[in-house]
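Structure below is run32.cif: mmCIF, C-alpha atoms.
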data_my_file
loop_
_atom_site.label_atom_id
_atom_site.label_comp_id
_atom_site.auth_asym_id
_atom_site.auth_seq_id
_atom_site.Cartn_x
_atom_site.Cartn_y
_atom_site.Cartn_z
CA MET A 237 82.63 55.84 98.83
CA ALA A 238 81.98 56.59 102.50
CA TYR A 239 84.32 58.92 104.31
CA LYS A 240 85.18 58.62 107.98
CA SER A 241 83.97 62.17 108.33
CA GLY A 242 80.48 61.08 107.37
CA ILE A 243 80.62 62.65 103.90
CA VAL A 244 79.39 60.28 101.23
CA ALA A 245 80.47 60.53 97.61
CA PRO A 246 79.10 58.42 94.74
CA ASN A 247 81.17 55.66 93.24
CA ASN A 248 81.79 57.86 90.22
CA LEU A 249 82.78 61.16 91.82
CA THR A 250 81.55 63.95 89.56
CA VAL A 251 83.80 66.95 89.15
CA ASP A 252 81.01 69.25 90.34
CA VAL A 253 80.52 67.24 93.56
CA TYR A 254 84.26 67.21 94.18
CA ALA A 255 84.47 70.97 93.65
CA THR A 256 81.64 71.54 96.14
CA LEU A 257 83.16 69.26 98.79
CA ALA A 258 86.63 70.72 98.32
CA ARG A 259 85.21 74.23 98.58
CA GLY A 260 83.75 73.31 101.95
CA THR A 261 87.24 72.58 103.30
CA ASN A 262 88.76 75.91 102.23
CA ARG A 263 90.57 77.60 105.11
CA LEU A 264 92.73 79.91 103.01
CA GLN A 265 92.50 83.62 103.74
CA SER A 266 92.94 86.01 100.82
CA SER A 267 92.75 89.79 100.79
CA THR A 268 90.66 91.49 98.13
CA SER A 269 93.77 92.99 96.54
CA GLY A 270 95.54 89.63 96.33
CA GLN A 271 92.66 87.18 96.08
CA PHE A 272 94.69 84.76 93.95
CA ASP A 273 97.98 84.99 95.83
CA THR A 274 97.34 82.52 98.66
CA PRO A 275 95.86 79.72 96.52
CA MET A 276 98.54 80.39 93.90
CA LEU A 277 101.31 79.88 96.46
CA GLY A 278 99.83 76.50 97.40
CA PHE A 279 99.23 75.62 93.76
CA PHE A 280 102.81 76.30 92.71
CA GLY A 281 104.15 74.70 95.90
CA GLU A 282 102.27 71.45 95.33
CA ALA A 283 103.62 71.24 91.79
CA GLY A 284 107.07 71.33 93.37
CA SER A 285 106.05 68.60 95.81
CA LEU A 286 105.14 66.32 92.90
CA LEU A 287 108.61 66.80 91.44
CA SER A 288 110.15 66.30 94.86
CA ALA A 289 108.43 62.91 95.11
CA ALA A 290 110.20 61.86 91.90
CA LYS A 291 113.53 63.16 93.23
CA LYS A 292 113.15 61.17 96.46
CA ARG A 293 112.38 58.02 94.47
CA LYS A 294 115.64 58.39 92.57
CA ARG A 295 117.67 59.45 95.59
CA ASP A 296 116.34 57.08 98.25
CA ASP A 297 115.27 54.15 96.05
CA LEU A 298 111.85 54.00 97.74
CA PRO A 299 109.78 50.85 97.24
CA SER A 300 107.56 51.32 94.19
CA ASP A 301 104.27 50.89 96.05
CA GLN A 302 105.24 53.54 98.61
CA TYR A 303 106.42 55.87 95.87
CA TYR A 304 103.23 55.66 93.84
CA ALA A 305 101.17 56.10 97.03
CA ASP A 306 103.15 59.29 97.72
CA VAL A 307 102.51 60.50 94.16
CA ALA A 308 98.78 59.80 94.54
CA GLU A 309 98.69 61.89 97.73
CA GLU A 310 100.56 64.74 96.06
CA VAL A 311 98.20 64.59 93.06
CA GLY A 312 95.26 64.95 95.45
CA ASP A 313 96.86 67.94 97.16
CA PHE A 314 97.67 69.55 93.81
CA LEU A 315 94.10 69.02 92.60
CA TRP A 316 92.73 70.65 95.76
CA TYR A 317 94.78 73.79 95.17
CA PHE A 318 93.84 73.67 91.49
CA SER A 319 90.19 73.86 92.53
CA ARG A 320 91.00 76.76 94.88
CA VAL A 321 92.55 78.70 91.99
CA CYS A 322 89.43 78.00 89.93
CA ASP A 323 87.18 79.28 92.71
CA ALA A 324 89.25 82.41 93.29
CA SER A 325 89.18 83.28 89.59
CA GLY A 326 85.59 82.34 88.84
CA VAL A 327 86.63 79.49 86.55
CA ASN A 328 84.45 76.37 86.49
CA LEU A 329 86.53 73.29 87.36
CA SER A 330 84.23 71.07 85.28
CA SER A 331 84.86 73.25 82.25
CA VAL A 332 88.62 72.91 82.65
CA VAL A 333 88.44 69.12 83.11
CA ALA A 334 86.10 68.71 80.13
CA ARG A 335 88.28 70.80 77.84
CA ALA A 336 91.41 68.97 78.99
CA ALA A 337 89.98 65.66 77.69
CA LYS A 338 91.22 64.24 74.41
CA THR A 339 87.58 64.02 73.34
CA PRO A 340 85.66 66.88 75.01
CA ILE A 341 83.02 65.77 77.51
CA GLY A 342 80.37 68.01 79.04
CA GLY A 343 77.41 68.01 81.37
CA SER A 344 76.92 68.07 85.12
CA LYS A 345 77.63 64.32 85.34
CA LEU A 346 81.23 64.73 84.19
CA THR A 347 83.47 62.46 86.27
CA PHE A 348 87.21 62.22 86.69
CA CYS A 349 86.96 58.56 85.65
CA SER A 350 85.42 59.39 82.28
CA VAL A 351 88.37 61.63 81.40
CA ASN A 352 90.92 59.38 83.08
CA GLU A 353 89.90 56.53 80.75
CA GLN A 354 90.89 58.59 77.71
CA PHE A 355 94.48 58.76 78.99
CA ALA A 356 94.65 55.22 80.37
CA LEU A 357 97.57 52.97 79.38
CA LYS A 358 97.45 49.19 79.14
CA SER A 359 100.19 48.82 81.73
CA ARG A 360 102.18 51.05 84.03
CA PRO A 361 105.17 52.43 82.11
CA PRO A 362 108.73 52.63 83.51
CA LEU A 363 109.47 55.18 86.22
CA ASP A 364 111.35 57.42 83.79
CA ARG A 365 108.14 57.90 81.80
CA LEU A 366 106.40 59.23 84.87
CA ILE A 367 109.31 61.54 85.62
CA LEU A 368 109.07 62.96 82.10
CA ARG A 369 105.33 63.51 82.55
CA LEU A 370 105.92 65.28 85.85
CA ILE A 371 108.57 67.48 84.28
CA ALA A 372 106.13 68.32 81.48
CA LEU A 373 103.53 69.22 84.11
CA ALA A 374 106.08 71.43 85.86
CA GLY A 375 106.80 73.11 82.53
CA ASP A 376 103.14 73.98 82.06
CA VAL A 377 102.94 75.27 85.61
CA GLY A 378 106.13 77.25 85.05
CA GLN A 379 104.61 79.02 82.06
CA PHE A 380 101.59 79.83 84.19
CA ILE A 381 103.84 81.21 86.95
CA ASP A 382 105.65 83.43 84.46
CA TRP A 383 102.37 84.72 83.03
CA TYR A 384 100.84 85.31 86.46
CA SER A 385 103.89 87.17 87.76
CA HIS A 386 103.45 89.72 84.94
CA ASN A 387 99.64 89.86 84.98
CA ARG A 388 98.83 89.47 88.65
CA LYS A 389 96.85 92.71 88.96
CA GLN A 390 94.64 92.21 85.94
CA ALA A 391 94.33 88.40 85.81
CA ALA A 392 91.03 87.57 84.09
CA ALA A 393 89.07 84.32 84.31
CA GLN A 394 89.26 83.63 80.57
CA ALA A 395 93.04 84.03 80.49
CA LEU A 396 93.46 81.92 83.62
CA GLU A 397 91.36 79.11 82.17
CA GLY A 398 93.53 79.10 79.05
CA HIS A 399 96.56 78.32 81.23
CA LEU A 400 94.77 75.85 83.48
CA ILE A 401 93.56 73.53 80.67
CA PRO A 402 97.05 72.34 79.55
CA ILE A 403 98.05 71.92 83.23
CA MET A 404 95.02 69.70 83.84
CA ARG A 405 95.80 67.71 80.69
CA SER A 406 99.39 67.20 81.89
CA LEU A 407 98.07 66.11 85.28
CA PHE A 408 95.91 63.41 83.67
CA ARG A 409 98.92 62.22 81.67
CA ALA A 410 101.07 62.08 84.80
CA CYS A 411 98.34 60.09 86.59
CA SER A 412 98.21 57.70 83.64
CA ALA A 413 101.99 57.20 83.76
CA ALA A 414 101.73 56.48 87.49
CA GLY A 415 98.76 54.14 87.12
CA ILE A 416 96.73 56.50 89.33
CA ASN A 417 93.02 57.12 88.93
CA MET A 418 92.39 60.85 89.40
CA GLU A 419 89.09 60.08 91.14
CA ASP A 420 90.87 57.97 93.75
CA ALA A 421 93.40 60.73 94.36
CA ALA A 422 90.58 63.30 94.68
CA ALA A 423 88.56 61.11 97.07
CA GLN A 424 91.58 60.30 99.23
CA ASN A 425 92.39 63.99 99.44
CA LEU A 426 88.87 64.84 100.62
CA GLU A 427 89.08 62.04 103.18
CA LYS A 428 92.38 63.40 104.48
CA ILE A 429 91.12 66.97 104.77
CA TYR A 430 87.81 66.10 106.43
CA ASP A 431 89.70 63.83 108.82
CA ARG A 432 91.63 66.92 109.91
CA TRP A 433 89.03 69.68 109.46
CA PRO A 434 85.53 68.14 109.55
CA ALA A 435 82.51 70.21 108.63
CA THR A 436 81.14 69.62 112.14
CA ARG A 437 82.63 68.26 115.34
CA GLY A 438 81.10 66.63 118.36
CA GLU A 439 80.20 63.16 117.06
CA TYR A 440 82.84 61.34 119.03
CA PRO A 441 83.70 57.75 118.14
CA GLU A 442 82.86 55.10 120.70
CA LEU A 443 85.36 54.64 123.53
CA TYR A 444 87.71 51.76 122.76
CA ASP A 445 86.76 49.72 125.83
CA GLU A 446 83.03 50.56 125.74
CA GLY A 447 82.05 47.01 124.81
CA HIS A 448 84.61 45.27 127.00
CA ASP A 449 82.95 42.52 129.01
CA ASP A 450 84.87 43.01 132.26
CA LEU A 451 83.74 46.37 133.67
CA THR A 452 86.62 46.35 136.18
CA GLU A 453 89.07 46.62 133.28
CA ARG A 454 87.57 49.72 131.70
CA LEU A 455 89.20 53.11 132.07
CA PRO A 456 87.29 55.05 134.78
CA ARG A 457 84.81 57.39 133.14
CA LYS A 458 85.40 59.97 135.85
CA LEU A 459 88.62 60.65 137.75
CA LYS A 460 90.13 63.29 140.01
CA ILE A 461 93.92 63.11 140.27
CA ARG A 462 95.86 65.21 142.75
CA ILE A 463 99.16 66.61 141.44
CA GLU A 464 101.74 68.17 143.79
CA GLN A 465 105.32 69.30 143.37
CA ARG A 466 107.58 68.80 146.39
CA THR A 467 111.29 69.34 146.88
CA LYS A 468 113.45 66.39 147.90
CA ARG A 469 117.23 66.61 148.23
CA GLY A 470 117.08 70.02 146.58
CA LYS A 471 115.30 68.71 143.48
CA PRO A 472 111.63 69.18 142.46
CA TYR A 473 109.57 65.97 142.26
CA VAL A 474 105.97 65.55 141.17
CA PHE A 475 103.71 63.28 143.23
CA GLN A 476 100.31 61.99 142.13
CA SER A 477 97.44 60.49 144.08
CA CYS A 478 93.85 59.47 143.50
CA ARG A 479 91.38 58.63 146.26
CA ASP A 480 94.25 59.01 148.77
CA LEU A 481 96.32 56.34 146.98
CA ASN A 482 99.69 57.18 145.43
CA ILE A 483 99.94 56.71 141.67
CA GLY A 484 103.21 55.69 140.06
CA ASP A 485 106.62 56.93 141.12
CA PRO A 486 107.65 60.52 141.88
CA LEU A 487 108.69 62.21 138.62
CA THR A 488 111.55 64.54 137.69
CA ASP A 489 112.34 66.12 134.34
CA ASN A 490 115.07 63.56 133.51
CA ILE A 491 116.92 66.07 131.35
CA ARG A 492 119.95 68.34 131.75
CA ASP A 493 118.00 71.59 131.34
CA PRO A 494 114.76 71.56 133.39
CA ASP A 495 111.63 71.87 131.23
CA TYR A 496 108.73 70.79 133.52
CA TYR A 497 108.35 67.41 131.83
CA ARG A 498 107.77 66.10 135.34
CA PHE A 499 104.12 67.11 134.83
CA HIS A 500 103.81 65.16 131.58
CA ASP A 501 101.40 62.50 132.87
CA VAL A 502 98.66 65.04 132.25
CA PHE A 503 99.10 64.25 128.54
CA HIS A 504 98.29 60.60 129.16
CA TYR A 505 95.18 61.57 131.10
CA ALA A 506 94.17 63.83 128.21
CA TYR A 507 94.52 60.94 125.76
CA ALA A 508 92.36 58.81 128.07
CA ALA A 509 89.74 61.54 128.53
CA ILE A 510 89.33 62.58 124.91
CA LEU A 511 90.56 59.67 122.80
CA GLY A 512 89.52 56.93 125.22
CA TRP A 513 93.01 55.48 124.82
CA SER A 514 96.05 55.42 127.09
CA PRO A 515 98.06 52.28 127.83
CA VAL A 516 100.08 54.36 130.31
CA THR A 517 96.97 55.33 132.29
CA ARG A 518 95.87 51.68 132.26
CA ALA A 519 99.24 50.67 133.68
CA LEU A 520 99.19 53.41 136.35
CA PHE A 521 95.71 52.40 137.53
CA LYS A 522 96.27 48.65 136.97
CA LEU A 523 93.46 48.44 134.42
CA LYS A 524 95.02 46.32 131.71
CA ARG A 525 92.49 44.13 129.93
CA LYS A 526 93.85 40.88 131.37
CA SER A 527 90.66 38.95 130.64
CA ASP A 528 91.39 39.23 126.91
CA ALA A 529 94.86 37.86 126.15
CA LYS A 530 95.14 39.59 122.79
CA LEU A 531 94.12 43.01 124.11
CA ASP A 532 96.38 42.59 127.12
CA GLU A 533 99.42 41.77 124.99
CA ASN A 534 98.85 43.85 121.87
CA GLU A 535 96.99 46.96 123.06
CA ASP A 536 97.93 47.32 126.72
CA GLY A 537 101.40 45.75 126.78
CA ALA A 538 104.88 47.16 127.19
CA ARG A 539 105.32 48.13 123.55
CA ALA A 540 102.06 50.12 123.51
CA ILE A 541 103.18 51.91 126.69
CA LEU A 542 106.53 52.77 125.10
CA ILE A 543 104.74 54.03 121.98
CA GLU A 544 102.60 56.38 124.06
CA GLU A 545 105.57 57.62 126.08
CA GLY A 546 107.57 58.20 122.90
CA LEU A 547 104.63 60.01 121.33
CA SER A 548 104.30 62.31 124.35
CA THR A 549 108.02 63.11 124.24
CA MET A 550 107.94 63.82 120.51
CA ILE A 551 104.99 66.20 120.82
CA PHE A 552 106.56 67.83 123.89
CA ASN A 553 109.78 68.60 122.00
CA TYR A 554 107.68 70.22 119.29
CA ALA A 555 105.54 72.16 121.77
CA LYS A 556 108.51 73.56 123.73
CA SER A 557 109.45 75.80 120.82
CA LEU A 558 105.85 77.15 120.67
CA ARG A 559 105.40 78.21 124.33
CA PHE A 560 103.79 74.84 124.99
CA LEU A 561 101.09 75.58 122.39
CA GLU A 562 99.84 78.69 124.15
CA GLY A 563 97.60 80.60 121.73
CA VAL A 564 97.21 77.67 119.32
CA ALA A 565 93.50 77.48 118.57
CA ARG A 566 91.41 74.54 117.40
CA GLY A 567 92.17 73.85 113.75
CA GLU A 568 95.63 75.46 113.93
CA LEU A 569 97.82 72.62 115.19
CA SER A 570 100.36 71.48 112.60
CA PHE A 571 98.89 69.06 110.06
CA GLU A 572 102.33 67.47 109.64
CA LEU A 573 102.58 66.88 113.39
CA LEU A 574 99.18 65.19 113.46
CA LYS A 575 100.08 62.95 110.51
CA THR A 576 103.28 61.98 112.34
CA VAL A 577 101.18 61.14 115.42
CA ARG A 578 99.05 58.78 113.35
CA ASP A 579 102.17 57.11 111.92
CA PHE A 580 103.41 56.71 115.49
CA VAL A 581 100.34 54.75 116.60
CA ARG A 582 99.76 52.75 113.42
CA GLY A 583 98.92 49.16 114.28
CA TYR A 584 97.13 50.00 117.54
CA GLU A 585 93.43 50.54 118.19
CA VAL A 586 93.84 54.32 118.38
CA GLU A 587 94.97 54.52 114.75
CA THR A 588 91.26 54.88 113.92
CA ALA A 589 90.98 58.15 115.86
CA PRO A 590 90.40 61.12 113.52
CA LEU A 591 93.11 63.76 113.43
CA TRP A 592 90.77 66.46 114.71
CA LEU A 593 90.22 64.38 117.85
CA TRP A 594 93.97 64.02 118.35
CA GLU A 595 94.21 67.79 118.12
CA GLU A 596 91.56 68.21 120.81
CA ALA A 597 93.39 65.79 123.10
CA ILE A 598 96.76 67.47 122.57
CA LEU A 599 95.50 71.03 123.03
CA ALA A 600 93.45 70.10 126.12
CA GLY A 601 96.43 68.31 127.65
CA TYR A 602 98.72 71.28 127.09
CA LYS A 603 96.19 73.71 128.53
CA CYS A 604 96.27 71.69 131.75
CA PHE A 605 100.05 71.33 131.55
CA ARG A 606 100.55 75.10 131.36
CA SER A 607 98.42 75.53 134.49
CA LEU A 608 100.45 72.90 136.37
CA LYS A 609 103.70 74.44 135.19
CA GLU A 610 102.58 77.79 136.59
CA ALA A 611 100.95 76.68 139.86
CA LYS A 612 103.15 73.62 140.51
CA SER A 613 100.05 71.78 141.73
CA GLY A 614 96.41 71.12 140.91
CA VAL A 615 93.61 68.59 140.59
CA ILE A 616 93.14 67.00 137.18
CA ILE A 617 89.48 66.31 136.45
CA VAL A 618 88.78 63.66 133.81
CA ASP A 619 85.30 63.04 132.40
CA MET A 620 85.48 60.51 129.58
CA ASN A 621 81.72 60.60 128.98
CA ARG A 622 81.98 64.30 128.09
CA ARG A 623 85.43 63.96 126.50
CA LEU A 624 86.71 66.52 128.97
CA ILE A 625 89.86 67.17 130.95
CA GLU A 626 90.33 70.28 133.06
CA ILE A 627 92.27 71.41 136.06
CA GLY A 628 91.25 72.87 139.38
CA ASP A 629 93.07 74.10 142.47
CA LEU A 630 94.09 71.79 145.28
CA PRO A 631 91.61 71.95 148.17
CA LYS A 632 92.82 74.13 151.01
#

In structure tokens, write the structure found in this file.
Amino acid sequence: MAYKSGIVAPNNLTVDVYATLARGTNRLQSSTSGQFDTPMLGFFGEAGSLLSAAKKRKRDDLPSDQYYADVAEEVGDFLWYFSRVCDASGVNLSSVVARAAKTPIGGSKLTFCSVNEQFALKSRPPLDRLILRLIALAGDVGQFIDWYSHNRKQAAAQALEGHLIPIMRSLFRACSAAGINMEDAAAQNLEKIYDRWPATRGEYPELYDEGHDDLTERLPRKLKIRIEQRTKRGKPYVFQSCRDLNIGDPLTDNIRDPDYYRFHDVFHYAYAAILGWSPVTRALFKLKRKSDAKLDENEDGARAILIEEGLSTMIFNYAKSLRFLEGVARGELSFELLKTVRDFVRGYEVETAPLWLWEEAILAGYKCFRSLKEAKSGVIIVDMNRRLIEIGDLPK
């Protein structure tokens, strides 16, 4: 299985390989005195998320396919935290998986599939069977929570492993009831994490219009855009120009309480610079791919423009409560926000952009926005070849 991040796993993902790859994504910080506490919080929390998925299915009557996809994602998250608990306690994940099997399996080639097969059912059982399996899993986790709360200071690897084995066995049974292959859940989880936090950055995907035949319809690889705030009729307006030509209409905040959204086009330029995507920028510079009817209608049309504008507004409303992302470092932007961004653009070419690249575009755009907000003017410098956007002062 090839991951978008460039990580390659064999068709039969061994437990040892999974543990190594999962370990490489660990961003949890634990103090020496409470080395288990942080992974334990995630471990217990993900068990609750699995139960919550069942509750939502009953409450909201979700389509079955969507529900089982949600369960598979939660299983992957739970397994990741399970492996973190193993690492923190010195327990070997392969040992736990092997001992959880109905017929014990050993060796470095142990795979999730080999154990999964022992719990496999001929057909997917009714939903209530899965709910019972999830409740049983929660019961095993609950016993572990109770034990850990009383033995936190002197938790030993041997005792921890004794509690982890029945939890792993219950997890396999829950996967069986859901018709989920544990290996698939594990692989999807690694894909999701490396999509967000890759081992290395810098290998940018090709720009979306790189191979477009008509060079006059490509986004300009380098741009300098002049931004100025002026007062008209007692109200601040933002004017933009490039090469002495006005761009778009003067912008106001369009909201009851002023919030500087009038400078928001910098976000579109950031998407263009770093993602290589921005239907709004194409419209502003009259660079729609007219020579290709499908691209013109589906990727550069009115709906795509509305999607990008809505996306910018959604992120802006989130960022306002966080001082417009001041102090948010690379790797720290909300994972949930980034997943929502991807849902927003699903069906368009930019859906292939990794989440870490979206983070770079958002943080770079807000760095420029904060400068414009403060100075009320500036020159936006876009260099798509270097995936760069920055801001300079207006020439005197």

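Residue nearest Asp536 of chain A within the list A:Arg498, A:Phe552, A:Lys292, A:Tyr584: A:Tyr584 [criterion: smallest interatomic distance, only C-alpha atoms].
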
Might you pull out every residue within 10 Å of Pro361 of chain A, with all atoms listed in the file counted and same-chain residues fewer than 6 positions away left off, and present them as a PyMOL selection string?
chain A and resi 412-415

The PyMOL selection byres ((chain A and resi 275) around 8) resolved against shown file, as a PyMOL selection string:
chain A and resi 264+272-274+276-279+317+320-321+324

Name the residues captured by the PyMOL selection byres ((chain A and resi 537) around 12) when it is applied to the shown file; answer as a ChimeraX atom specification.
/A:514-519,522-526,528-536,538-544,584

Run through the PyMOL selection byres ((chain A and resi 460) around 10) on the given coordinates and return the selected residues as number ranges by chain.
A: 458-459, 461-463, 477-479, 615-619, 625-628

Include C-alpha atoms and write out the residues we just selected as a PDB file, in the coordinates of the input.
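The resulting file, out-v8.pdb, is reproduced below:
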ATOM      1  CA  LYS A 458      85.400  59.970 135.850  1.00  0.00           C
ATOM      2  CA  LEU A 459      88.620  60.650 137.750  1.00  0.00           C
ATOM      3  CA  ILE A 461      93.920  63.110 140.270  1.00  0.00           C
ATOM      4  CA  ARG A 462      95.860  65.210 142.750  1.00  0.00           C
ATOM      5  CA  ILE A 463      99.160  66.610 141.440  1.00  0.00           C
ATOM      6  CA  SER A 477      97.440  60.490 144.080  1.00  0.00           C
ATOM      7  CA  CYS A 478      93.850  59.470 143.500  1.00  0.00           C
ATOM      8  CA  ARG A 479      91.380  58.630 146.260  1.00  0.00           C
ATOM      9  CA  VAL A 615      93.610  68.590 140.590  1.00  0.00           C
ATOM     10  CA  ILE A 616      93.140  67.000 137.180  1.00  0.00           C
ATOM     11  CA  ILE A 617      89.480  66.310 136.450  1.00  0.00           C
ATOM     12  CA  VAL A 618      88.780  63.660 133.810  1.00  0.00           C
ATOM     13  CA  ASP A 619      85.300  63.040 132.400  1.00  0.00           C
ATOM     14  CA  ILE A 625      89.860  67.170 130.950  1.00  0.00           C
ATOM     15  CA  GLU A 626      90.330  70.280 133.060  1.00  0.00           C
ATOM     16  CA  ILE A 627      92.270  71.410 136.060  1.00  0.00           C
ATOM     17  CA  GLY A 628      91.250  72.870 139.380  1.00  0.00           C
TER      18      GLY A 628
END

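The protein and nucleic acid residues lying at most 10 Å from Thr261 of chain A are A:Thr256, A:Leu257, A:Ala258, A:Arg259, A:Arg263, A:Leu264, A:Trp316, A:Leu426, A:Ile429, A:Tyr430, A:Arg432, A:Trp433, A:Pro434, A:Ala435, with only C-alpha atoms considered and sequence neighbours fewer than 2 positions away removed.
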
Could you pull the residues within 8 Å of Ala410 of chain A, counting all atoms listed in the file, minus those fewer than 5 positions along the same chain, as a PDB file with C-alpha atoms, in the frame of the given file?
ATOM      1  CA  LEU A 366     106.400  59.230  84.870  1.00  0.00           C
ATOM      2  CA  ARG A 369     105.330  63.510  82.550  1.00  0.00           C
ATOM      3  CA  LEU A 370     105.920  65.280  85.850  1.00  0.00           C
ATOM      4  CA  LEU A 373     103.530  69.220  84.110  1.00  0.00           C
TER       5      LEU A 373
END
